[in-house]
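Engineer: Sending over a structure as structure tokens; questions will come in a sec.
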Amino acid sequence: MNTASVDKNKAPWVISAADYPPALEIVLLRQKVIISWNQFVYAEGGDDEVRIAFASHDVVVKGAGLDPLLRAIAANRVALIRESERSERFPDPAGRFVREIVLRKIDAEYEANASENGNRGGE
């Protein structure tokens with residue numbers, strides 16, 4: 001695997017140099033989530049924010065120097081994205097860092113809306 005910076009354990013994201021990874025591992029401060037690339041729908045964004053849409057989740061990555069991440073996501077080459085701890089929230093030598101990752105489960109949102117609409121008595 002090729003990384004976006006020298007230290008794989010501190011790199012904001014890891015790009016697979018050989019094969020297409022079967023899934024994207026998202027490392028948050030308190031949990032890890034693995035989402036299959038088969039569920040990938042689209043990605044959009046720019047240098048400071050990237051949105052990745054999967055069938056089951058919406059992922060918003062906030063930081064700096066994220067343009068290369070967006071290109072790698074479009075090619076389904078990213079194996080891992082890691083949220084920085086507070087002490088690491090400074091750009092690496094290439095000016096890249098992930099400040100925050102917001103992960104939202106799609107089916108949970110759908111179920112909440114469905115139950116809310118169901119409680120209105122069919123309105």
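Naming works like this for the structure tokens: A, B, ... for the chains as they're shown, residue 1 at the start of each chain, ligands 1 onward in shown order.
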Pick out the residues sitting within 12 Å of Arg51 of chain A, and hand them over as a VMD selection string; count only C-alpha atoms, and ignore anything fewer than 6 positions along from it in its own chain.

Structural biologist: chain A and resid 40 to 45 57 to 63 66 to 67 69 to 70 73 to 74 100 to 104

Engineer: Next, the residues of the selection above should be written as a CSV table (one decimal), in the first residue's frame with C-alpha atoms.

Structural biologist:
chain,number,residue,atom,x,y,z
A,40,PHE,CA,-20.3,3.6,-3.6
A,41,VAL,CA,-22.7,6.0,-5.3
A,42,TYR,CA,-20.7,9.2,-5.8
A,43,ALA,CA,-18.3,11.7,-4.3
A,44,GLU,CA,-18.0,15.5,-4.5
A,45,GLY,CA,-16.1,18.3,-2.8
A,57,HIS,CA,-23.9,5.8,4.6
A,58,ASP,CA,-23.1,9.4,3.9
A,59,VAL,CA,-19.5,10.4,4.8
A,60,VAL,CA,-18.3,14.0,5.1
A,61,VAL,CA,-14.5,14.5,5.4
A,62,LYS,CA,-13.4,17.9,6.6
A,63,GLY,CA,-9.8,19.1,6.6
A,66,LEU,CA,-8.3,16.9,0.3
A,67,ASP,CA,-8.3,17.3,-3.6
A,69,LEU,CA,-8.4,12.3,-1.7
A,70,LEU,CA,-11.3,13.1,-3.9
A,73,ILE,CA,-12.1,8.1,-4.1
A,74,ALA,CA,-13.4,8.6,-7.6
A,100,GLU,CA,-13.2,15.7,11.2
A,101,ILE,CA,-15.2,12.8,9.7
A,102,VAL,CA,-19.0,12.9,9.9
A,103,LEU,CA,-20.6,9.6,9.3
A,104,ARG,CA,-24.4,9.3,8.9

Engineer: Residues within 8 Å of Leu28 of chain A, please, as a ChimeraX atom specification. Count only C-alpha atoms; anything in the same chain fewer than 5 positions from it doesn't count.

Structural biologist: /A:33,82-83,101

Engineer: Based on the selection just made, write N, CA and C atoms of those residues as a JSON list (two decimals), in the first residue's frame.

Structural biologist:
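Dumped everything to again-v1.json:
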[["chain", "number", "residue", "atom", "x", "y", "z"],
["A", 33, "VAL", "N", -15.41, 1.93, 11.03],
["A", 33, "VAL", "CA", -16.50, 1.51, 10.18],
["A", 33, "VAL", "C", -15.90, 1.07, 8.86],
["A", 82, "ARG", "N", -8.61, 8.29, 8.00],
["A", 82, "ARG", "CA", -8.45, 8.34, 9.45],
["A", 82, "ARG", "C", -8.69, 9.76, 9.95],
["A", 83, "GLU", "N", -9.57, 9.87, 10.95],
["A", 83, "GLU", "CA", -9.81, 11.15, 11.61],
["A", 83, "GLU", "C", -8.63, 11.47, 12.52],
["A", 101, "ILE", "N", -14.43, 13.68, 10.55],
["A", 101, "ILE", "CA", -15.21, 12.82, 9.67],
["A", 101, "ILE", "C", -16.60, 12.69, 10.28]]

Engineer: For a quick check of understanding, using only C-alpha atoms, which of A:Ile34, A:Ala79, A:Ala11, A:Val98 has the smallest distance to Val50 of chain A?

Structural biologist: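 Once distances to Val50 of chain A are computed over only C-alpha atoms, the minimum belongs to A:Val98.
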
Engineer: Can you check which residues of segment 34-98 of chain A DSSP gives as strand (DSSP E) on the backbone and send them as a ChimeraX atom specification?

Structural biologist: /A:34-36,40-45,49-54,57-64,78-82,97-98

Engineer: Using N, CA and C atoms, can you export the residues from the last selection as a JSON list (two decimals), in the first residue's frame?

Structural biologist:
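This went into selection-v4.json:
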[["chain", "number", "residue", "atom", "x", "y", "z"],
["A", 34, "ILE", "N", -16.36, -0.07, 8.36],
["A", 34, "ILE", "CA", -15.88, -0.57, 7.07],
["A", 34, "ILE", "C", -17.07, -0.66, 6.13],
["A", 35, "ILE", "N", -16.96, 0.02, 4.98],
["A", 35, "ILE", "CA", -18.04, 0.08, 4.00],
["A", 35, "ILE", "C", -17.51, -0.46, 2.67],
["A", 36, "SER", "N", -18.25, -1.38, 2.08],
["A", 36, "SER", "CA", -17.86, -1.98, 0.81],
["A", 36, "SER", "C", -17.90, -0.94, -0.31],
["A", 40, "PHE", "N", -20.68, 2.20, -3.18],
["A", 40, "PHE", "CA", -20.31, 3.57, -3.56],
["A", 40, "PHE", "C", -21.28, 4.12, -4.59],
["A", 41, "VAL", "N", -21.76, 5.36, -4.35],
["A", 41, "VAL", "CA", -22.67, 6.02, -5.28],
["A", 41, "VAL", "C", -21.96, 7.17, -5.99],
["A", 42, "TYR", "N", -21.42, 8.12, -5.23],
["A", 42, "TYR", "CA", -20.68, 9.24, -5.83],
["A", 42, "TYR", "C", -19.89, 9.97, -4.76],
["A", 43, "ALA", "N", -19.02, 10.87, -5.21],
["A", 43, "ALA", "CA", -18.26, 11.73, -4.30],
["A", 43, "ALA", "C", -18.21, 13.13, -4.90],
["A", 44, "GLU", "N", -18.13, 14.12, -4.02],
["A", 44, "GLU", "CA", -18.03, 15.51, -4.46],
["A", 44, "GLU", "C", -17.28, 16.29, -3.41],
["A", 45, "GLY", "N", -16.79, 17.46, -3.79],
["A", 45, "GLY", "CA", -16.13, 18.30, -2.80],
["A", 45, "GLY", "C", -14.98, 19.08, -3.38],
["A", 49, "GLU", "N", -13.34, 20.02, 1.99],
["A", 49, "GLU", "CA", -14.42, 19.12, 2.37],
["A", 49, "GLU", "C", -14.73, 18.17, 1.22],
["A", 50, "VAL", "N", -14.91, 16.89, 1.55],
["A", 50, "VAL", "CA", -15.26, 15.87, 0.57],
["A", 50, "VAL", "C", -16.46, 15.10, 1.11],
["A", 51, "ARG", "N", -17.47, 14.93, 0.28],
["A", 51, "ARG", "CA", -18.63, 14.11, 0.65],
["A", 51, "ARG", "C", -18.59, 12.84, -0.17],
["A", 52, "ILE", "N", -18.72, 11.70, 0.52],
["A", 52, "ILE", "CA", -18.73, 10.39, -0.13],
["A", 52, "ILE", "C", -20.08, 9.76, 0.16],
["A", 53, "ALA", "N", -20.82, 9.44, -0.89],
["A", 53, "ALA", "CA", -22.15, 8.85, -0.73],
["A", 53, "ALA", "C", -22.09, 7.36, -1.03],
["A", 54, "PHE", "N", -22.53, 6.58, -0.07],
["A", 54, "PHE", "CA", -22.68, 5.14, -0.23],
["A", 54, "PHE", "C", -24.17, 4.83, -0.10],
["A", 57, "HIS", "N", -24.48, 4.77, 3.81],
["A", 57, "HIS", "CA", -23.92, 5.84, 4.65],
["A", 57, "HIS", "C", -23.58, 7.07, 3.81],
["A", 58, "ASP", "N", -23.64, 8.22, 4.45],
["A", 58, "ASP", "CA", -23.06, 9.44, 3.92],
["A", 58, "ASP", "C", -21.84, 9.75, 4.77],
["A", 59, "VAL", "N", -20.73, 10.07, 4.13],
["A", 59, "VAL", "CA", -19.50, 10.37, 4.83],
["A", 59, "VAL", "C", -19.04, 11.75, 4.40],
["A", 60, "VAL", "N", -18.81, 12.64, 5.37],
["A", 60, "VAL", "CA", -18.28, 13.97, 5.06],
["A", 60, "VAL", "C", -16.92, 14.08, 5.75],
["A", 61, "VAL", "N", -15.90, 14.34, 4.95],
["A", 61, "VAL", "CA", -14.53, 14.48, 5.45],
["A", 61, "VAL", "C", -14.17, 15.95, 5.38],
["A", 62, "LYS", "N", -13.75, 16.53, 6.51],
["A", 62, "LYS", "CA", -13.37, 17.94, 6.57],
["A", 62, "LYS", "C", -11.90, 18.05, 6.94],
["A", 63, "GLY", "N", -11.19, 18.97, 6.32],
["A", 63, "GLY", "CA", -9.78, 19.14, 6.61],
["A", 63, "GLY", "C", -9.13, 20.10, 5.64],
["A", 64, "ALA", "N", -7.95, 19.74, 5.16],
["A", 64, "ALA", "CA", -7.21, 20.57, 4.20],
["A", 64, "ALA", "C", -6.44, 19.67, 3.25],
["A", 78, "VAL", "N", -8.97, 4.25, -2.40],
["A", 78, "VAL", "CA", -8.71, 4.55, -0.99],
["A", 78, "VAL", "C", -9.08, 3.35, -0.14],
["A", 79, "ALA", "N", -8.15, 2.90, 0.67],
["A", 79, "ALA", "CA", -8.39, 1.77, 1.57],
["A", 79, "ALA", "C", -8.79, 2.23, 2.96],
["A", 80, "LEU", "N", -8.32, 3.44, 3.37],
["A", 80, "LEU", "CA", -8.55, 3.90, 4.74],
["A", 80, "LEU", "C", -8.56, 5.42, 4.78],
["A", 81, "ILE", "N", -9.47, 5.96, 5.58],
["A", 81, "ILE", "CA", -9.47, 7.39, 5.92],
["A", 81, "ILE", "C", -9.48, 7.46, 7.44],
["A", 82, "ARG", "N", -8.61, 8.29, 8.00],
["A", 82, "ARG", "CA", -8.45, 8.34, 9.45],
["A", 82, "ARG", "C", -8.69, 9.76, 9.95],
["A", 97, "PHE", "N", -4.54, 17.15, 5.84],
["A", 97, "PHE", "CA", -4.96, 16.57, 7.11],
["A", 97, "PHE", "C", -6.47, 16.44, 7.13],
["A", 98, "VAL", "N", -6.95, 15.49, 7.94],
["A", 98, "VAL", "CA", -8.38, 15.28, 8.13],
["A", 98, "VAL", "C", -8.71, 15.76, 9.53]]

Engineer: Please identify the helix (DSSP H, G or I) residues within segment 2-102 of chain A (assignment by DSSP from backbone atoms) and present them as an NGL selection string.

Structural biologist: :A and (37-39 or 67-74 or 86-88)
